[in-house]
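*Asks:* This one is start.csv, CSV, C-alpha atoms and all ligand atoms.
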```csv
chain,number,residue,atom,x,y,z
A,757,MET,CA,0.4,-107.6,-71.9
A,758,THR,CA,1.3,-107.6,-68.2
A,759,ARG,CA,4.8,-109.0,-67.5
A,760,LYS,CA,4.6,-109.8,-63.9
A,761,LEU,CA,7.6,-111.2,-61.9
A,762,ILE,CA,7.6,-112.6,-58.4
A,763,ILE,CA,10.9,-112.2,-56.7
A,764,THR,CA,11.3,-114.0,-53.4
A,765,GLY,CA,14.0,-112.4,-51.2
A,766,GLY,CA,13.5,-109.3,-53.3
A,767,ALA,CA,14.6,-107.0,-50.5
A,768,GLY,CA,17.9,-108.8,-50.2
A,769,PHE,CA,21.2,-107.9,-51.9
A,770,ILE,CA,20.7,-109.7,-55.2
A,771,GLY,CA,16.9,-109.3,-54.9
A,772,CYS,CA,16.8,-105.5,-54.7
A,773,HIS,CA,19.1,-105.1,-57.8
A,774,THR,CA,16.9,-107.7,-59.6
A,775,ALA,CA,13.7,-106.0,-58.7
A,776,SER,CA,15.1,-102.5,-59.6
A,777,TYR,CA,16.3,-103.7,-63.0
A,778,PHE,CA,13.1,-105.5,-64.0
A,779,ALA,CA,10.9,-102.7,-62.7
A,780,LYS,CA,12.8,-100.2,-64.9
A,781,LYS,CA,12.2,-102.5,-67.9
A,782,GLY,CA,8.5,-102.2,-67.3
A,783,TYR,CA,7.8,-105.4,-65.4
A,784,GLU,CA,5.3,-105.4,-62.6
A,785,VAL,CA,7.4,-106.6,-59.7
A,786,VAL,CA,6.0,-108.5,-56.7
A,787,ILE,CA,8.3,-109.2,-53.8
A,788,ILE,CA,8.0,-111.9,-51.1
A,789,ASP,CA,10.4,-111.1,-48.3
A,790,ASN,CA,10.0,-111.5,-44.5
A,791,LEU,CA,12.8,-108.8,-44.1
A,792,SER,CA,14.7,-111.1,-41.7
A,793,ARG,CA,18.1,-110.0,-43.1
A,794,LYS,CA,19.6,-107.0,-41.6
A,795,GLY,CA,19.7,-104.3,-44.3
A,796,SER,CA,16.7,-105.7,-46.2
A,797,LEU,CA,14.3,-103.0,-45.0
A,798,ASP,CA,16.8,-100.4,-46.1
A,799,ASN,CA,17.1,-102.1,-49.5
A,800,LEU,CA,13.3,-102.1,-49.8
A,801,ASN,CA,13.1,-98.4,-49.0
A,802,TRP,CA,15.7,-97.7,-51.6
A,803,LEU,CA,13.8,-99.7,-54.1
A,804,THR,CA,10.3,-98.3,-53.4
A,805,LYS,CA,11.7,-94.7,-53.8
A,806,GLN,CA,12.6,-95.4,-57.4
A,807,SER,CA,10.1,-98.1,-58.5
A,808,PRO,CA,6.6,-99.1,-57.8
A,809,VAL,CA,6.8,-102.7,-56.4
A,810,THR,CA,4.3,-104.7,-54.4
A,811,HIS,CA,5.8,-106.2,-51.2
A,812,TYR,CA,4.4,-109.1,-49.1
A,813,LYS,CA,6.1,-109.4,-45.7
A,814,THR,CA,5.7,-113.2,-45.8
A,815,ASP,CA,7.8,-116.1,-44.7
A,816,ILE,CA,8.3,-118.7,-47.5
A,817,GLN,CA,8.0,-121.4,-44.8
A,818,ASP,CA,4.3,-120.5,-44.6
A,819,LYS,CA,2.8,-122.6,-47.3
A,820,LYS,CA,-0.7,-121.2,-47.0
A,821,ALA,CA,0.4,-117.6,-47.1
A,822,VAL,CA,2.6,-118.2,-50.1
A,823,GLU,CA,-0.3,-119.9,-51.9
A,824,GLU,CA,-2.6,-117.0,-51.2
A,825,ILE,CA,-0.1,-114.7,-52.9
A,826,PHE,CA,0.2,-116.8,-56.0
A,827,LYS,CA,-3.6,-117.2,-56.1
A,828,LYS,CA,-4.1,-113.4,-55.9
A,829,GLU,CA,-1.3,-112.4,-58.3
A,830,LYS,CA,-2.4,-113.7,-61.7
A,831,LYS,CA,-0.6,-113.7,-65.0
A,832,ILE,CA,2.9,-114.4,-63.7
A,833,LYS,CA,5.6,-114.6,-66.3
A,834,GLY,CA,8.5,-115.5,-64.1
A,835,ILE,CA,9.6,-116.3,-60.6
A,836,ILE,CA,13.1,-115.6,-59.3
A,837,HIS,CA,13.6,-117.5,-56.1
A,838,LEU,CA,16.2,-115.8,-54.0
A,839,ALA,CA,14.8,-116.0,-50.4
A,840,ALA,CA,17.1,-118.1,-48.2
A,841,GLN,CA,19.0,-118.7,-45.1
A,842,VAL,CA,22.4,-117.7,-46.6
A,843,ALA,CA,25.2,-118.3,-44.1
A,844,VAL,CA,27.1,-121.6,-43.7
A,845,THR,CA,27.9,-120.8,-40.1
A,846,THR,CA,24.3,-120.1,-39.1
A,847,SER,CA,23.3,-123.4,-40.8
A,848,VAL,CA,25.7,-125.2,-38.5
A,849,ILE,CA,24.2,-123.5,-35.4
A,850,ASN,CA,20.6,-124.2,-36.5
A,851,PRO,CA,20.4,-126.9,-39.2
A,852,LEU,CA,16.7,-127.4,-38.8
A,853,ASN,CA,15.9,-123.7,-39.5
A,854,ASP,CA,18.3,-123.8,-42.4
A,855,PHE,CA,16.5,-126.8,-43.8
A,856,ASN,CA,13.0,-125.3,-43.3
A,857,VAL,CA,13.8,-122.1,-45.1
A,858,ASN,CA,16.0,-123.4,-47.9
A,859,ALA,CA,14.6,-126.8,-48.7
A,860,LEU,CA,11.0,-126.7,-47.5
A,861,GLY,CA,10.6,-123.0,-48.4
A,862,THR,CA,11.7,-123.8,-51.9
A,863,LEU,CA,9.3,-126.7,-52.1
A,864,ASN,CA,6.5,-124.4,-51.0
A,865,ILE,CA,7.3,-122.0,-53.9
A,866,LEU,CA,7.6,-124.8,-56.4
A,867,GLU,CA,4.2,-126.1,-55.3
A,868,ALA,CA,2.7,-122.7,-55.7
A,869,VAL,CA,4.1,-122.4,-59.2
A,870,ARG,CA,2.9,-125.9,-60.1
A,871,ASN,CA,-0.6,-125.0,-58.9
A,872,TYR,CA,-1.1,-121.4,-60.0
A,873,CYS,CA,1.3,-120.6,-62.8
A,874,PRO,CA,2.8,-123.8,-64.4
A,875,ASN,CA,3.8,-121.9,-67.6
A,876,ALA,CA,5.9,-119.3,-65.8
A,877,ARG,CA,9.7,-119.4,-66.0
A,878,PHE,CA,11.4,-120.2,-62.7
A,879,ILE,CA,15.0,-119.4,-61.6
A,880,TYR,CA,16.5,-120.8,-58.6
A,881,SER,CA,19.6,-119.1,-57.1
A,882,SER,CA,21.6,-122.2,-56.2
A,883,THR,CA,25.2,-122.2,-55.1
A,884,ASN,CA,28.6,-123.6,-56.0
A,885,LYS,CA,28.6,-125.2,-52.5
A,886,VAL,CA,26.7,-128.2,-54.1
A,887,TYR,CA,30.1,-129.4,-55.3
A,888,GLY,CA,31.5,-129.6,-51.8
A,889,LEU,CA,35.2,-129.8,-51.1
A,890,LEU,CA,36.1,-130.9,-54.7
A,891,ASN,CA,38.1,-133.8,-53.4
A,892,THR,CA,38.7,-135.2,-56.9
A,893,VAL,CA,40.3,-131.9,-58.1
A,894,LYS,CA,44.0,-131.5,-57.7
A,895,ILE,CA,45.0,-128.4,-55.8
A,896,ILE,CA,48.3,-126.7,-56.5
A,897,GLU,CA,49.8,-124.2,-54.1
A,898,ALA,CA,51.2,-121.0,-55.7
A,899,PRO,CA,52.8,-118.1,-53.8
A,900,LYS,CA,49.6,-116.0,-53.6
A,901,ARG,CA,46.8,-118.4,-54.5
A,902,TYR,CA,45.7,-122.0,-54.8
A,903,GLU,CA,45.2,-123.3,-58.3
A,904,ILE,CA,43.4,-126.3,-59.8
A,905,ASN,CA,44.3,-128.8,-62.5
A,906,LYS,CA,41.2,-127.8,-64.6
A,907,LYS,CA,41.9,-125.1,-67.1
A,908,GLU,CA,38.3,-123.8,-67.5
A,909,GLY,CA,37.3,-124.3,-63.8
A,910,ILE,CA,34.6,-126.5,-62.4
A,911,SER,CA,31.8,-127.6,-64.8
A,912,GLU,CA,28.4,-129.0,-64.2
A,913,SER,CA,29.7,-132.5,-64.7
A,914,GLU,CA,31.6,-132.3,-61.3
A,915,PRO,CA,29.9,-134.8,-58.9
A,916,LEU,CA,27.5,-133.3,-56.4
A,917,ASP,CA,28.9,-133.5,-52.9
A,918,PHE,CA,27.0,-131.5,-50.3
A,919,HIS,CA,29.0,-130.2,-47.4
A,920,SER,CA,27.6,-128.3,-44.4
A,921,PRO,CA,23.9,-128.0,-43.6
A,922,TYR,CA,23.7,-125.0,-45.9
A,923,GLY,CA,25.2,-127.1,-48.8
A,924,CYS,CA,22.7,-129.8,-48.0
A,925,SER,CA,19.6,-127.6,-47.9
A,926,LYS,CA,20.5,-125.6,-51.0
A,927,GLY,CA,21.6,-128.8,-52.8
A,928,CYS,CA,18.3,-130.5,-51.9
A,929,ALA,CA,16.3,-127.5,-53.2
A,930,ASP,CA,18.5,-127.5,-56.4
A,931,GLN,CA,17.5,-131.1,-57.1
A,932,TYR,CA,13.8,-130.4,-56.5
A,933,VAL,CA,14.0,-127.5,-58.9
A,934,LEU,CA,15.4,-129.7,-61.6
A,935,ASP,CA,13.1,-132.6,-60.9
A,936,TYR,CA,10.0,-130.3,-61.1
A,937,ALA,CA,10.9,-129.8,-64.7
A,938,ARG,CA,11.1,-133.6,-65.3
A,939,ILE,CA,8.1,-134.7,-63.4
A,940,PHE,CA,5.7,-131.7,-63.6
A,941,ASN,CA,7.0,-130.1,-66.8
A,942,LEU,CA,7.7,-126.8,-65.1
A,943,GLN,CA,10.1,-124.3,-66.8
A,944,THR,CA,12.8,-124.3,-64.1
A,945,VAL,CA,16.5,-123.7,-64.1
A,946,SER,CA,19.1,-123.7,-61.4
A,947,PHE,CA,21.9,-121.2,-61.5
A,948,ARG,CA,24.7,-122.5,-59.3
A,949,GLN,CA,26.2,-119.1,-58.4
A,950,SER,CA,29.7,-118.4,-57.3
A,951,CYS,CA,30.5,-115.4,-55.1
A,952,ILE,CA,28.2,-112.5,-56.1
A,953,TYR,CA,29.1,-109.0,-54.9
A,954,GLY,CA,28.0,-105.4,-55.3
A,955,GLU,CA,26.4,-102.3,-53.7
A,956,ARG,CA,23.7,-102.8,-51.1
A,957,GLN,CA,25.3,-106.1,-49.9
A,958,PHE,CA,25.2,-105.9,-46.1
A,959,GLY,CA,28.0,-108.4,-45.9
A,960,VAL,CA,29.0,-109.8,-42.5
A,961,GLU,CA,31.9,-112.0,-41.5
A,962,ASP,CA,30.3,-115.3,-42.4
A,963,GLN,CA,28.4,-114.2,-45.5
A,964,GLY,CA,29.2,-111.7,-48.3
A,965,TRP,CA,32.9,-111.6,-47.5
A,966,LEU,CA,33.9,-109.3,-50.3
A,967,ALA,CA,31.5,-106.5,-49.1
A,968,TRP,CA,32.3,-107.3,-45.5
A,969,PHE,CA,36.1,-106.8,-46.0
A,970,ILE,CA,35.4,-103.4,-47.5
A,971,ILE,CA,32.8,-102.3,-44.9
A,972,ALA,CA,35.1,-103.4,-42.1
A,973,THR,CA,38.1,-101.7,-43.6
A,974,VAL,CA,36.3,-98.4,-44.2
A,975,LEU,CA,34.9,-98.5,-40.7
A,976,GLY,CA,38.3,-99.3,-39.2
A,977,ARG,CA,37.4,-102.8,-38.0
A,978,LYS,CA,39.7,-105.8,-37.8
A,979,ILE,CA,39.2,-108.7,-40.2
A,980,SER,CA,39.7,-112.4,-39.6
A,981,ILE,CA,40.8,-114.5,-42.6
A,982,PHE,CA,39.6,-118.1,-42.2
A,983,GLY,CA,42.5,-120.2,-43.6
A,984,ASP,CA,45.7,-118.8,-45.1
A,985,GLY,CA,44.3,-116.2,-47.6
A,986,LYS,CA,45.3,-118.2,-50.7
A,987,GLN,CA,41.7,-119.5,-51.2
A,988,VAL,CA,40.4,-118.5,-54.6
A,989,ARG,CA,36.9,-117.5,-55.7
A,990,ASP,CA,35.6,-116.3,-59.0
A,991,VAL,CA,33.6,-113.2,-58.3
A,992,LEU,CA,30.6,-111.9,-60.3
A,993,TYR,CA,29.3,-108.4,-60.1
A,994,VAL,CA,25.6,-108.4,-59.3
A,995,GLN,CA,24.4,-106.4,-62.4
A,996,ASP,CA,26.0,-109.0,-64.6
A,997,LEU,CA,24.0,-111.7,-62.8
A,998,VAL,CA,20.8,-109.8,-63.2
A,999,GLU,CA,21.3,-109.6,-67.0
A,1000,LEU,CA,21.6,-113.4,-67.0
A,1001,TYR,CA,18.3,-113.7,-65.1
A,1002,GLU,CA,16.7,-111.4,-67.8
A,1003,LYS,CA,18.1,-113.7,-70.6
A,1004,PHE,CA,16.4,-116.7,-69.1
A,1005,ILE,CA,13.1,-115.0,-68.3
A,1006,GLU,CA,13.0,-113.4,-71.8
A,1007,GLN,CA,14.6,-116.1,-74.0
A,1008,GLY,CA,14.9,-119.3,-72.0
A,1009,ASN,CA,13.2,-121.7,-74.4
A,1010,ASN,CA,13.9,-125.4,-74.0
A,1011,LEU,CA,16.3,-125.0,-71.1
A,1012,ASN,CA,13.9,-126.5,-68.6
A,1013,GLY,CA,15.4,-128.6,-65.9
A,1014,LYS,CA,19.0,-127.5,-66.5
A,1015,ALA,CA,21.6,-126.5,-64.1
A,1016,TYR,CA,24.3,-123.9,-64.9
A,1017,ASN,CA,27.4,-122.9,-63.1
A,1018,VAL,CA,27.5,-119.1,-63.1
A,1019,GLY,CA,30.4,-117.0,-61.9
A,1020,GLY,CA,33.1,-114.6,-62.9
A,1021,GLY,CA,35.1,-117.5,-64.3
A,1022,LEU,CA,38.9,-117.8,-64.3
A,1023,LYS,CA,39.3,-114.2,-65.7
A,1024,PHE,CA,37.5,-112.7,-62.8
A,1025,SER,CA,38.9,-114.9,-60.0
A,1026,LEU,CA,40.8,-113.7,-56.9
A,1027,SER,CA,42.5,-115.1,-53.9
A,1028,LEU,CA,41.9,-113.2,-50.6
A,1029,LEU,CA,45.6,-112.0,-50.7
A,1030,GLU,CA,45.1,-110.7,-54.2
A,1031,PHE,CA,41.9,-109.0,-53.2
A,1032,ILE,CA,43.7,-107.3,-50.3
A,1033,ASP,CA,46.3,-106.0,-52.9
A,1034,ILE,CA,43.4,-104.5,-55.0
A,1035,LEU,CA,42.0,-102.8,-51.9
A,1036,LYS,CA,45.5,-101.4,-51.1
A,1037,ASP,CA,45.7,-100.1,-54.7
A,1038,GLN,CA,42.4,-98.3,-54.1
A,1039,GLY,CA,43.9,-96.6,-51.0
A,1040,LEU,CA,42.3,-98.7,-48.3
A,1041,GLU,CA,44.5,-99.8,-45.4
A,1042,ILE,CA,43.3,-103.2,-44.3
A,1043,SER,CA,44.1,-104.8,-41.0
A,1044,TYR,CA,43.6,-108.6,-40.6
A,1045,THR,CA,44.5,-111.8,-38.7
A,1046,PHE,CA,44.5,-115.4,-39.8
A,1047,GLY,CA,42.2,-118.0,-38.2
A,1048,ASP,CA,41.1,-121.7,-38.7
A,1049,TRP,CA,39.4,-122.9,-41.9
A,1050,ARG,CA,35.6,-123.1,-41.6
A,1051,PRO,CA,33.7,-126.4,-42.3
A,1052,GLY,CA,32.9,-126.8,-45.9
A,1053,ASP,CA,35.3,-124.1,-47.1
A,1054,GLN,CA,36.6,-124.8,-50.6
A,1055,LYS,CA,40.2,-124.0,-51.2
A,1056,VAL,CA,39.4,-123.0,-54.8
A,1057,PHE,CA,36.2,-122.5,-56.7
A,1058,VAL,CA,36.3,-121.2,-60.2
A,1059,SER,CA,33.2,-121.6,-62.2
A,1060,ASP,CA,33.5,-123.0,-65.7
A,1061,ASN,CA,30.9,-120.8,-67.5
A,1062,THR,CA,31.2,-122.6,-70.9
A,1063,LYS,CA,27.6,-124.1,-70.7
A,1064,VAL,CA,25.9,-120.8,-69.7
A,1065,ILE,CA,27.8,-118.8,-72.3
A,1066,LYS,CA,26.9,-121.3,-75.1
A,1067,GLU,CA,23.3,-121.8,-74.2
A,1068,LEU,CA,22.3,-118.4,-72.9
A,1069,GLY,CA,24.7,-116.2,-74.8
A,1070,TRP,CA,25.7,-114.5,-71.6
A,1071,GLU,CA,29.1,-113.5,-70.2
A,1072,PRO,CA,30.3,-111.6,-67.2
A,1073,LYS,CA,31.5,-108.1,-68.1
A,1074,THR,CA,32.5,-106.3,-65.0
A,1075,SER,CA,36.1,-106.8,-63.8
A,1076,PRO,CA,36.8,-107.2,-60.1
A,1077,VAL,CA,38.7,-103.9,-60.1
A,1078,GLN,CA,35.7,-102.0,-61.5
A,1079,GLY,CA,33.2,-103.8,-59.3
A,1080,ILE,CA,35.2,-103.3,-56.1
A,1081,GLN,CA,35.5,-99.6,-56.9
A,1082,HIS,CA,31.6,-99.4,-57.0
A,1083,ILE,CA,31.3,-101.0,-53.6
A,1084,VAL,CA,34.1,-98.9,-52.1
A,1085,SER,CA,32.3,-95.7,-53.1
A,1086,TRP,CA,28.9,-97.1,-51.9
A,1087,VAL,CA,30.4,-98.0,-48.5
A,1088,LYS,CA,32.1,-94.6,-48.1
A,1089,LYS,CA,28.8,-92.9,-48.9
A,1090,HIS,CA,26.8,-95.0,-46.4
A,1091,ARG,CA,29.4,-95.1,-43.5
A,1092,GLU,CA,26.8,-94.0,-40.9
A,1093,LEU,CA,24.2,-96.5,-41.9
A,1094,LEU,CA,26.7,-99.4,-42.0
A,1095,SER,CA,28.2,-98.4,-38.8
A,1096,SER,CA,24.8,-98.5,-37.0
A,1097,PHE,CA,24.2,-102.0,-38.4
A,1098,MET,CA,27.6,-103.1,-37.1
A,1099,SER,CA,26.9,-101.8,-33.6
A,1100,ASP,CA,23.5,-103.5,-33.3
A,1201,LIG,N1,25.4,-113.5,-52.5
A,1201,LIG,C1,26.1,-114.6,-52.9
A,1201,LIG,O1,27.3,-114.5,-53.1
A,1201,LIG,C2,25.4,-115.9,-53.3
A,1201,LIG,C3,26.1,-116.9,-53.9
A,1201,LIG,C4,25.5,-118.1,-54.2
A,1201,LIG,C5,24.1,-118.2,-54.0
A,1201,LIG,N2,23.4,-117.2,-53.4
A,1201,LIG,C6,22.0,-117.3,-53.2
A,1201,LIG,O2,21.3,-116.2,-53.8
A,1201,LIG,C7,20.2,-115.9,-53.0
A,1201,LIG,C8,20.2,-114.4,-52.6
A,1201,LIG,O3,21.3,-114.1,-51.8
A,1201,LIG,P1,21.7,-112.7,-51.2
A,1201,LIG,O4,23.1,-112.6,-51.2
A,1201,LIG,O5,20.9,-111.7,-52.0
A,1201,LIG,O6,21.1,-112.8,-49.7
A,1201,LIG,P2,20.3,-111.8,-48.8
A,1201,LIG,O7,20.4,-112.4,-47.4
A,1201,LIG,O8,20.8,-110.4,-49.0
A,1201,LIG,O9,18.9,-111.9,-49.4
A,1201,LIG,C9,18.0,-112.9,-49.0
A,1201,LIG,C10,16.6,-112.3,-48.7
A,1201,LIG,O10,15.7,-113.3,-48.3
A,1201,LIG,C11,14.9,-112.9,-47.2
A,1201,LIG,N3,14.5,-114.1,-46.5
A,1201,LIG,C12,15.3,-114.9,-45.7
A,1201,LIG,N4,14.6,-115.9,-45.2
A,1201,LIG,C13,13.3,-115.7,-45.7
A,1201,LIG,C14,12.1,-116.4,-45.5
A,1201,LIG,N5,12.0,-117.5,-44.7
A,1201,LIG,N6,11.0,-116.0,-46.1
A,1201,LIG,C15,11.0,-114.9,-46.9
A,1201,LIG,N7,12.1,-114.1,-47.1
A,1201,LIG,C16,13.3,-114.6,-46.5
A,1201,LIG,C17,15.9,-112.0,-46.4
A,1201,LIG,O11,15.1,-111.0,-45.6
A,1201,LIG,C18,16.7,-111.3,-47.5
A,1201,LIG,O12,16.1,-110.1,-47.9
A,1201,LIG,C19,20.2,-116.9,-51.8
A,1201,LIG,O13,19.3,-117.9,-52.2
A,1201,LIG,C20,21.6,-117.4,-51.7
A,1201,LIG,O14,21.7,-118.7,-51.2
A,1201,LIG,C21,24.0,-116.0,-53.1
```
Could you take the file, read its structure, and then write that structure out as structure tokens?
*Replies:*
Amino acid sequence: MTRKLIITGGAGFIGCHTASYFAKKGYEVVIIDNLSRKGSLDNLNWLTKQSPVTHYKTDIQDKKAVEEIFKKEKKIKGIIHLAAQVAVTTSVINPLNDFNVNALGTLNILEAVRNYCPNARFIYSSTNKVYGLLNTVKIIEAPKRYEINKKEGISESEPLDFHSPYGCSKGCADQYVLDYARIFNLQTVSFRQSCIYGERQFGVEDQGWLAWFIIATVLGRKISIFGDGKQVRDVLYVQDLVELYEKFIEQGNNLNGKAYNVGGGLKFSLSLLEFIDILKDQGLEISYTFGDWRPGDQKVFVSDNTKVIKELGWEPKTSPVQGIQHIVSWVKKHRELLSSFMSD
């Protein structure tokens, strides 16, 4: 039986790893990606060299074009919806575009699923930004990091509180995804992802900070830290996330309409200052200055993974030290390519 998967944003950072993984498992992979992100064409070339994938250079804002693809591609087992405008700063500069891609674009994909493959499993890559500034959580300042008064981190019971246009558009899409399970009986889940990192992440200053720090350091660029460097994130290596996607596509019975917080958890959390220490341990000399906090920046976000561990039997495996080693060697190998991107 054909096991066909549609991956929107399949040429992006998370998308190309997802596509590669599922193609190697024998899935027929169909990608919808308009290649608007710098680096996505390179990711697509990397992918097509190793796996046979079908690519549509289509914008998810184009409802008709999206529908045509779903009409043509039959027997779809799953959809992993990753295409998005991904930077908070860009969303502040152009909120309407951010809304059109993230909220309306998601609705276009959901409608196509409802009309052409209502029995397929659907994953939405949501974000921890749906919890906003976490004003109800008590922040404690330690010498190298902020901490919170919640032992396991932030769970799904935390109130939604969208901050920044990006938070609003992703949060809006997150709610539609859950509601389409209630109202139209679709098999949807929303994974509210923390910071994801790994190779092929063409990180820039305002998105993909972990990769950006490494790229900038290897290329000898200066880095600005927004805030005081004590902000904490739990970090999840991309391969671990892809394994979670597989669990839902393969085994996600009766999970429709659920949201899960997904991240490295407390065990795999880091402050920027601690991250810099790891880079130093790996022989990188990093040069940085401090600047103002950005709108919507959380001081601490650590995902409480209890629900996803219990209901999907998944756990992050890769420690930040291991994952960072992988990126450092990828960046060192692709110095020229990354340098040409930076000078564009
Ligand atoms: N990387 C993270 O840390 C992180 C954390 C939380 C949530 N997410 C979510 O995961 C998803 C993937 O993130 P990523 O880091 O791989 O980003 P990415 O920018 O590398 O990938 C997104 C892909 O979508 C494509 N795209 C953008 N707009 C499009 C449009 N209008 N039509 C079709 N394709 C379009 C881009 O060309 C790119 O290839 C996003 O939805 C993002 O919001 C990412």
*Asks:* Can you work out which one of A:Asn853, A:Ser1099, A:Thr764, A:Ser792 has the shortest atom-to-atom distance to Ile836 of chain A, counting only C-alpha atoms?
*Replies:*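 Answer, going by the shortest atom-to-atom distance: A:Thr764.
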*Asks:* Kindly assemble as a tab-separated table a list of the chain A residues that lie within 6 Å of ligand LIG 1201 (chain A), each paired with its nearest atom pair and their distance in Å to one decimal, using only C-alpha atoms and all ligand atoms, sorted first by chain and then by ascending residue number.
*Replies:*
```
residue	atom	partner	partner_atom	distance
A:Gly765	CA	A:LIG1201	O10	3.5
A:Ala767	CA	A:LIG1201	O12	4.3
A:Gly768	CA	A:LIG1201	O12	3.2
A:Phe769	CA	A:LIG1201	O5	3.8
A:Ile770	CA	A:LIG1201	O5	3.8
A:Gly771	CA	A:LIG1201	O5	5.5
A:Ile788	CA	A:LIG1201	C15	6.0
A:Asp789	CA	A:LIG1201	N7	3.7
A:Asn790	CA	A:LIG1201	N7	4.2
A:Leu791	CA	A:LIG1201	O11	3.5
A:Ser792	CA	A:LIG1201	O11	3.9
A:Arg793	CA	A:LIG1201	O11	4.0
A:Ser796	CA	A:LIG1201	O12	4.8
A:Thr814	CA	A:LIG1201	C15	5.7
A:Asp815	CA	A:LIG1201	N6	3.5
A:Ile816	CA	A:LIG1201	N6	4.1
A:Gln817	CA	A:LIG1201	N5	5.6
A:Leu838	CA	A:LIG1201	C7	4.1
A:Ala839	CA	A:LIG1201	O10	3.5
A:Ala840	CA	A:LIG1201	C12	4.4
A:Gln841	CA	A:LIG1201	N4	5.2
A:Val842	CA	A:LIG1201	O14	4.8
A:Val857	CA	A:LIG1201	N5	5.0
A:Ser881	CA	A:LIG1201	O2	4.7
A:Ser882	CA	A:LIG1201	C5	5.2
A:Thr883	CA	A:LIG1201	C4	4.2
A:Gln949	CA	A:LIG1201	C4	4.4
A:Ser950	CA	A:LIG1201	C3	5.2
A:Cys951	CA	A:LIG1201	O1	3.9
A:Ile952	CA	A:LIG1201	O1	3.7
A:Gly964	CA	A:LIG1201	O1	5.9
```
*Asks:* Find the spatial neighbours of segment 1045-1048 of chain A, counting only C-alpha atoms, within a cut-off of 12 Å - ignore same-chain residues fewer than 3 positions away - and output them as a ChimeraX atom specification.
*Replies:* /A:977-986,1028-1029,1042,1051,1053
*Asks:* How many Å separate atom CA of Ser807 of chain A from atom CA of Lys780 of chain A?
*Replies:*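 Separating atom CA of Ser807 of chain A from atom CA of Lys780 of chain A is a distance of 7.3 Å.
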*Asks:* One number please: atom CA of Arg759 of chain A to atom CA of Leu934 of chain A, in Å, one decimal.
*Replies:*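 Between atom CA of Arg759 of chain A and atom CA of Leu934 of chain A the gap works out to 24.0 Å.
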*Asks:* Which residues of segment 1013-1077 of chain A have any atom within 12 Å of an atom in segment 859-879 of chain A when counting only C-alpha atoms, and what is the closest pair of atoms for each, with the distance in Å to one decimal? Order the rows by chain and rising number and write it as CSV.
*Replies:*
```
residue,atom,partner,partner_atom,distance
A:Gly1013,CA,A:Phe878,CA,9.8
A:Lys1014,CA,A:Ile879,CA,10.3
A:Ala1015,CA,A:Ile879,CA,10.0
A:Tyr1016,CA,A:Ile879,CA,10.8
```
*Asks:* With distances taken over only C-alpha atoms, which of A:Gln943, A:Ser1027, A:Gln1054, A:Ser913 is nearest to Asn1009 of chain A?
*Replies:*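 Nearest to Asn1009 of chain A: A:Gln943.
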*Asks:* Give the answer as one residue: which of A:Ile971, A:Ala937, A:Ile895, A:Ile832 has the shortest atom-to-atom distance to Met1098 of chain A, using all atoms listed in the file?
*Replies:*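 Smallest separation from Met1098 of chain A among the options: A:Ile971.
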*Asks:* What is the atom CA of Glu897 of chain A-atom CA of Ile1032 of chain A distance in Å, reported with one decimal?
*Replies:*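 Going from atom CA of Glu897 of chain A over to atom CA of Ile1032 of chain A, I get 18.4 Å.
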*Asks:* Tell me which residues come within 12 Å of (-1.4, -110.5, -56.7), as a list in words, counting only C-alpha atoms in the file's coordinates.
*Replies:*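 Residues with an atom at most 12 Å from (-1.4, -110.5, -56.7): Lys760, Leu761, Ile762, Glu784, Val785, Val786, Ile787, Ile788, Val809, Thr810, His811, Tyr812, Val822, Glu823, Glu824, Ile825, Phe826, Lys827, Lys828, Glu829, Lys830, Lys831, Ile832 and Tyr872 of chain A.
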*Asks:* Some atoms are missing, so please complete segment 877-885 of chain A with N, CA and C atoms and return it as a PDB file, in the coordinates of the input.
*Replies:*
```
ATOM      1  N   ARG A 877       8.318-119.002 -66.118  1.00  0.00           N
ATOM      2  CA  ARG A 877       9.700-119.400 -66.000  1.00  0.00           C
ATOM      3  C   ARG A 877      10.221-119.216 -64.599  1.00  0.00           C
ATOM      4  N   PHE A 878      11.000-120.173 -64.117  1.00  0.00           N
ATOM      5  CA  PHE A 878      11.400-120.200 -62.700  1.00  0.00           C
ATOM      6  C   PHE A 878      12.919-120.283 -62.600  1.00  0.00           C
ATOM      7  N   ILE A 879      13.501-119.321 -61.881  1.00  0.00           N
ATOM      8  CA  ILE A 879      15.000-119.400 -61.600  1.00  0.00           C
ATOM      9  C   ILE A 879      15.222-119.653 -60.180  1.00  0.00           C
ATOM     10  N   TYR A 880      16.105-120.596 -59.934  1.00  0.00           N
ATOM     11  CA  TYR A 880      16.500-120.800 -58.600  1.00  0.00           C
ATOM     12  C   TYR A 880      17.990-120.384 -58.413  1.00  0.00           C
ATOM     13  N   SER A 881      18.231-119.615 -57.346  1.00  0.00           N
ATOM     14  CA  SER A 881      19.600-119.100 -57.100  1.00  0.00           C
ATOM     15  C   SER A 881      20.301-120.191 -56.231  1.00  0.00           C
ATOM     16  N   SER A 882      20.900-121.145 -56.901  1.00  0.00           N
ATOM     17  CA  SER A 882      21.600-122.200 -56.200  1.00  0.00           C
ATOM     18  C   SER A 882      23.057-121.732 -55.935  1.00  0.00           C
ATOM     19  N   THR A 883      23.905-122.641 -55.579  1.00  0.00           N
ATOM     20  CA  THR A 883      25.200-122.200 -55.100  1.00  0.00           C
ATOM     21  C   THR A 883      26.308-123.245 -55.567  1.00  0.00           C
ATOM     22  N   ASN A 884      27.517-122.743 -55.708  1.00  0.00           N
ATOM     23  CA  ASN A 884      28.600-123.600 -56.000  1.00  0.00           C
ATOM     24  C   ASN A 884      28.952-124.598 -54.871  1.00  0.00           C
ATOM     25  N   LYS A 885      28.351-124.337 -53.706  1.00  0.00           N
ATOM     26  CA  LYS A 885      28.600-125.200 -52.500  1.00  0.00           C
ATOM     27  C   LYS A 885      28.038-126.635 -52.796  1.00  0.00           C
TER      28      LYS A 885
END
```
